[in-house]
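Participant: I'm passing along target.csv; it holds CSV, C-alpha atoms.
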chain,number,residue,atom,x,y,z
A,1,MET,CA,104.5,113.4,100.9
A,2,ARG,CA,107.3,115.9,100.1
A,3,ILE,CA,108.5,113.7,97.2
A,4,PHE,CA,105.0,113.4,95.8
A,5,HIS,CA,104.5,117.2,95.9
A,6,GLU,CA,107.9,117.6,94.2
A,7,LEU,CA,107.0,115.1,91.5
A,8,ARG,CA,103.6,116.7,90.8
A,9,ASP,CA,105.2,120.2,90.7
A,10,LYS,CA,107.3,118.8,87.8
A,11,ASN,CA,104.1,117.4,86.1
A,12,VAL,CA,105.1,113.8,86.8
A,13,ARG,CA,102.1,111.6,86.9
A,14,VAL,CA,101.9,109.7,90.2
A,15,ARG,CA,99.4,106.9,90.6
A,16,ILE,CA,99.0,104.7,93.7
A,17,LEU,CA,97.1,101.4,94.1
A,18,THR,CA,96.7,100.1,97.6
A,19,ASN,CA,94.3,97.9,99.5
A,20,SER,CA,90.8,99.2,100.2
A,21,LEU,CA,89.3,98.8,103.6
A,22,GLU,CA,87.4,95.8,102.3
A,23,SER,CA,90.5,94.1,100.9
A,24,THR,CA,93.1,94.9,103.6
A,25,ASP,CA,94.7,92.1,105.5
A,26,VAL,CA,96.2,94.6,108.1
A,27,LEU,CA,93.6,96.9,109.5
A,28,GLY,CA,96.2,99.0,111.4
A,29,ALA,CA,98.2,99.7,108.3
A,30,HIS,CA,95.0,100.7,106.4
A,31,ALA,CA,94.0,103.0,109.3
A,32,ALA,CA,97.4,104.7,109.2
A,33,TYR,CA,97.2,105.1,105.4
A,34,THR,CA,93.8,106.9,105.7
A,35,ASN,CA,95.5,109.7,107.6
A,36,TYR,CA,97.4,110.4,104.3
A,37,ARG,CA,94.5,110.1,101.9
A,38,ASP,CA,93.5,113.8,101.9
A,39,ASP,CA,97.2,114.9,101.5
A,40,LEU,CA,97.7,112.4,98.6
A,41,LEU,CA,94.7,113.7,96.8
A,42,ASP,CA,95.7,117.3,97.5
A,43,ALA,CA,99.2,116.6,96.1
A,44,GLY,CA,97.5,115.5,92.8
A,45,VAL,CA,98.2,111.8,93.2
A,46,GLU,CA,95.7,109.5,91.4
A,47,LEU,CA,94.6,107.1,94.1
A,48,TYR,CA,93.1,103.7,93.7
A,49,GLU,CA,92.0,101.1,96.2
A,50,VAL,CA,91.7,97.5,95.1
A,51,ARG,CA,88.4,95.7,95.6
A,52,PRO,CA,88.4,92.4,97.4
A,53,VAL,CA,86.9,90.6,94.3
A,54,LEU,CA,88.1,91.6,90.9
A,55,GLY,CA,85.5,92.0,88.2
A,56,LYS,CA,88.0,91.8,85.3
A,57,PRO,CA,91.3,90.3,86.5
A,58,GLY,CA,93.2,90.2,83.2
A,59,GLY,CA,96.8,91.2,82.9
A,60,SER,CA,99.8,89.0,83.6
A,61,GLY,CA,99.5,86.8,86.6
A,62,GLY,CA,95.7,86.4,86.5
A,63,ARG,CA,93.7,86.4,89.7
A,64,ILE,CA,95.7,86.5,93.0
A,65,GLN,CA,93.9,85.4,96.1
A,66,ARG,CA,94.7,85.6,99.8
A,67,ARG,CA,94.3,82.9,102.4
A,68,SER,CA,91.1,80.8,102.1
A,69,THR,CA,88.8,83.7,101.5
A,70,GLY,CA,89.4,83.9,97.8
A,71,HIS,CA,89.7,87.7,98.1
A,72,PHE,CA,92.3,89.8,96.4
A,73,ALA,CA,94.8,91.7,98.5
A,74,LEU,CA,98.1,93.5,97.8
A,75,HIS,CA,101.3,93.0,99.9
A,76,ALA,CA,104.3,93.5,97.7
A,77,LYS,CA,105.5,97.1,97.3
A,78,THR,CA,106.1,97.8,93.6
A,79,PHE,CA,107.1,101.1,92.0
A,80,VAL,CA,107.8,101.8,88.3
A,81,PHE,CA,110.0,104.7,87.4
A,82,ASP,CA,109.9,106.1,83.9
A,83,ARG,CA,108.7,102.7,82.6
A,84,ASN,CA,112.4,101.5,82.7
A,85,ARG,CA,113.2,100.6,86.3
A,86,LEU,CA,111.1,99.2,89.1
A,87,PHE,CA,111.3,98.5,92.8
A,88,VAL,CA,109.8,95.3,94.0
A,89,GLY,CA,109.9,94.1,97.6
A,90,SER,CA,108.0,93.5,100.8
A,91,MET,CA,109.7,96.3,102.7
A,92,ASN,CA,107.4,99.1,103.8
A,93,PHE,CA,108.8,102.6,103.9
A,94,ASP,CA,108.2,103.1,107.6
A,95,GLN,CA,110.1,103.1,110.8
A,96,ARG,CA,109.1,99.5,111.7
A,97,SER,CA,110.4,98.0,108.5
A,98,LEU,CA,113.6,100.1,108.7
A,99,HIS,CA,114.5,99.2,112.3
A,100,LEU,CA,112.7,95.9,113.2
A,101,ASN,CA,111.7,93.8,110.2
A,102,THR,CA,114.0,91.8,107.9
A,103,GLU,CA,112.2,92.7,104.7
A,104,LEU,CA,113.9,94.0,101.6
A,105,GLY,CA,113.4,95.3,98.1
A,106,LEU,CA,115.2,95.2,94.8
A,107,ILE,CA,115.7,97.9,92.2
A,108,ILE,CA,115.6,96.3,88.8
A,109,ASP,CA,116.6,97.9,85.5
A,110,SER,CA,114.4,96.2,83.0
A,111,PRO,CA,112.1,98.0,80.6
A,112,ASP,CA,110.4,94.7,79.7
A,113,LEU,CA,109.6,93.9,83.3
A,114,ALA,CA,108.5,97.5,84.0
A,115,HIS,CA,106.1,97.2,81.0
A,116,GLU,CA,104.6,94.0,82.5
A,117,VAL,CA,104.1,95.7,85.9
A,118,VAL,CA,102.5,98.7,84.3
A,119,ALA,CA,100.1,96.4,82.3
A,120,ARG,CA,99.1,94.6,85.5
A,121,PHE,CA,98.6,98.0,87.2
A,122,GLU,CA,96.4,99.2,84.4
A,123,SER,CA,94.3,96.1,84.6
A,124,ILE,CA,93.8,96.3,88.3
A,125,VAL,CA,92.9,100.0,88.3
A,126,GLN,CA,90.0,99.4,85.9
A,127,PRO,CA,86.7,100.4,87.5
A,128,ALA,CA,85.5,96.8,87.9
A,129,ASN,CA,88.6,96.0,89.9
A,130,SER,CA,89.2,99.0,92.1
A,131,TYR,CA,87.8,102.1,93.6
A,132,GLN,CA,89.1,105.4,92.4
A,133,VAL,CA,89.3,107.7,95.3
A,134,LEU,CA,88.5,111.3,94.4
A,135,TRP,CA,87.6,114.7,95.8
A,136,LYS,CA,84.0,115.7,94.9
A,137,ARG,CA,82.8,119.3,95.3
A,138,ASP,CA,79.3,120.1,96.4
A,139,PRO,CA,78.1,122.7,93.8
A,140,ALA,CA,75.9,124.4,96.3
A,141,THR,CA,78.4,124.9,99.2
A,142,GLY,CA,81.7,124.4,97.4
A,143,SER,CA,82.8,122.0,100.2
A,144,ARG,CA,84.5,118.8,99.1
A,145,ARG,CA,84.3,115.3,100.3
A,146,ILE,CA,86.0,112.0,99.3
A,147,VAL,CA,84.1,109.6,97.1
A,148,TRP,CA,84.9,106.1,96.0
A,149,ARG,CA,84.1,105.5,92.3
A,150,THR,CA,83.8,102.0,90.9
A,151,GLU,CA,81.8,99.8,88.5
A,152,ASN,CA,79.1,97.4,89.6
A,153,ASP,CA,77.2,95.4,87.1
A,154,LYS,CA,78.7,97.4,84.3
A,155,LYS,CA,77.4,100.7,85.8
A,156,MET,CA,79.5,103.4,87.3
A,157,VAL,CA,78.6,104.1,91.0
A,158,GLU,CA,80.0,106.4,93.7
A,159,TYR,CA,80.1,105.8,97.4
A,160,ASP,CA,80.1,108.6,99.9
A,161,ASP,CA,81.2,106.2,102.7
A,162,GLU,CA,84.4,104.2,102.5
A,163,PRO,CA,83.4,100.7,101.3
A,164,ALA,CA,83.8,98.2,104.1
A,165,SER,CA,82.9,94.5,104.6
A,166,CYS,CA,80.7,95.7,107.5
A,167,SER,CA,80.1,98.8,109.6
A,168,LEU,CA,82.2,97.4,112.4
A,169,GLN,CA,85.2,97.2,110.2
A,170,ARG,CA,84.8,100.9,109.3
A,171,ILE,CA,84.5,101.8,113.0
A,172,HIS,CA,87.6,99.8,113.9
A,173,SER,CA,89.6,101.5,111.2
A,174,ASN,CA,88.4,104.9,112.2
A,175,LEU,CA,89.3,104.3,115.8
A,176,LEU,CA,92.8,102.9,114.9
A,177,ALA,CA,93.4,106.0,112.7
A,178,LEU,CA,93.1,108.1,115.9
A,179,LEU,CA,96.0,106.3,117.6
A,180,PRO,CA,99.6,107.3,117.2
A,181,LEU,CA,100.6,104.1,115.3
A,182,GLU,CA,102.8,105.7,112.7
A,183,GLN,CA,106.0,104.2,114.3
A,184,GLU,CA,104.4,100.8,114.2
A,185,TYR,CA,103.2,100.7,110.5
Before anything else, please render the file you have as structure tokens.
Facilitator:
Amino acid sequence: MRIFHELRDKNVRVRILTNSLESTDVLGAHAAYTNYRDDLLDAGVELYEVRPVLGKPGGSGGRIQRRSTGHFALHAKTFVFDRNRLFVGSMNFDQRSLHLNTELGLIIDSPDLAHEVVARFESIVQPANSYQVLWKRDPATGSRRIVWRTENDKKMVEYDDEPASCSLQRIHSNLLALLPLEQEY
């Protein structure tokens, strides 16, 4: 979080695309991420959560599906720096990956590859493919709440509750978010 704040203080645009609750394949990891959602938005990070079914897949690579469900999900960790270099890998930036897992990542100096990754990112963060997670202020009270903005049937819609495949999934995620699992994910 410190790095994101420092980047934003320097007017660096920071955008993150991660799994939505609907598309996640690891509920515990998603629950841990939700504990950072407010802080990410407060830091000025543009936050997107991929939908399980893409409306307009486009970009290089076409549609990517997981298991037999046909749903889209993200697993690789990919960062583009100044559109010249990128990090690609399966390693999470957490204690478990650092000490237990045998995952890794590569830093690649390739403007062409960085451009391709940015194009794919731009395609996936389109409203038909993802939820943009935003703060919304109540004009009457001044209080704020998180909303998920997306496109359904070519119309922009906002959800006040985190989109989930079912209420039970949302309950499980909320309960897991209460547990001290940060060392595990």
Participant: Return the single residue from A:Glu49, A:Glu116, A:Asp39, A:Asp25 that is closest to A:Trp148, with distances computed using only C-alpha atoms.
Facilitator: A:Glu49
Participant: Return the single residue from A:Asp109, A:Asp38, A:Glu103, A:Asp82 that is closest to A:Val133, with distances computed using only C-alpha atoms.
Facilitator: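 Closest candidate: A:Asp38.
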Participant: Within 12 Å of (97.2, 112.4, 94.0), only C-alpha atoms: residues as a PyMOL selection string?
Facilitator: chain A and resi 1+3-9+11-17+36-48+132-135
Participant: Would you work out the distance separating atom CA of A:Gln126 from atom CA of A:Leu176, expressed in Å to one decimal?
Facilitator: 29.3 Å
Participant: Can you work out which one of A:Gly28, A:Leu98, A:Ser20, A:Lys10 has the shortest atom-to-atom distance to A:Ala177, counting only C-alpha atoms?
Facilitator: A:Gly28
Participant: Using only C-alpha atoms, find the one residue out of A:Met91, A:Leu178, A:Val50, A:Leu86 that sits nearest to A:Arg149.
Facilitator: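 Residue with the minimum atom-to-atom distance to A:Arg149: A:Val50.
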Participant: As an exercise, work out the distance from atom CA of A:Glu22 to atom CA of A:Arg51 in Å and give it to one decimal place.
Facilitator: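 Interatomic distance, atom CA of A:Glu22 to atom CA of A:Arg51: 6.8 Å.
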Participant: Report, in Å with one decimal, the straight-line distance from atom CA of A:Pro163 to atom CA of A:Pro139.
Facilitator: 23.8 Å
Participant: Around (86.9, 94.2, 110.0), as given in the file, which residues come within 10 Å? Count only C-alpha atoms and list them as a PyMOL selection string.
Facilitator: chain A and resi 21-27+164-173
Participant: Name the closest residue to A:Ile107 among the candidates A:Arg120, A:Arg145, A:Lys77, A:Lys136; distances are taken between atoms, counting all atoms listed in the file.
Facilitator: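 Of A:Arg120, A:Arg145, A:Lys77, A:Lys136, the one nearest A:Ile107, counting all atoms listed in the file, is A:Lys77.
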Participant: If we count all atoms listed in the file, what is near A:Arg85 at a cut-off of 9 Å, once residues fewer than 5 positions away on the same chain are taken out, given as a PyMOL selection string?
Facilitator: chain A and resi 79-80+107-111+113-114
Participant: Give me, as a list in words, all polymer residues having an atom no more than 8 Å from A:Gly105, counting only C-alpha atoms and skipping those fewer than 5 positions away in the same chain.
Facilitator: Phe87, Val88, Gly89, Ser90 and Met91 of chain A
Participant: For a quick check of understanding, using all atoms listed in the file, which of A:Val53, A:Thr78, A:Pro127, A:Ala140 has the smallest distance to A:Thr18?
Facilitator: A:Thr78
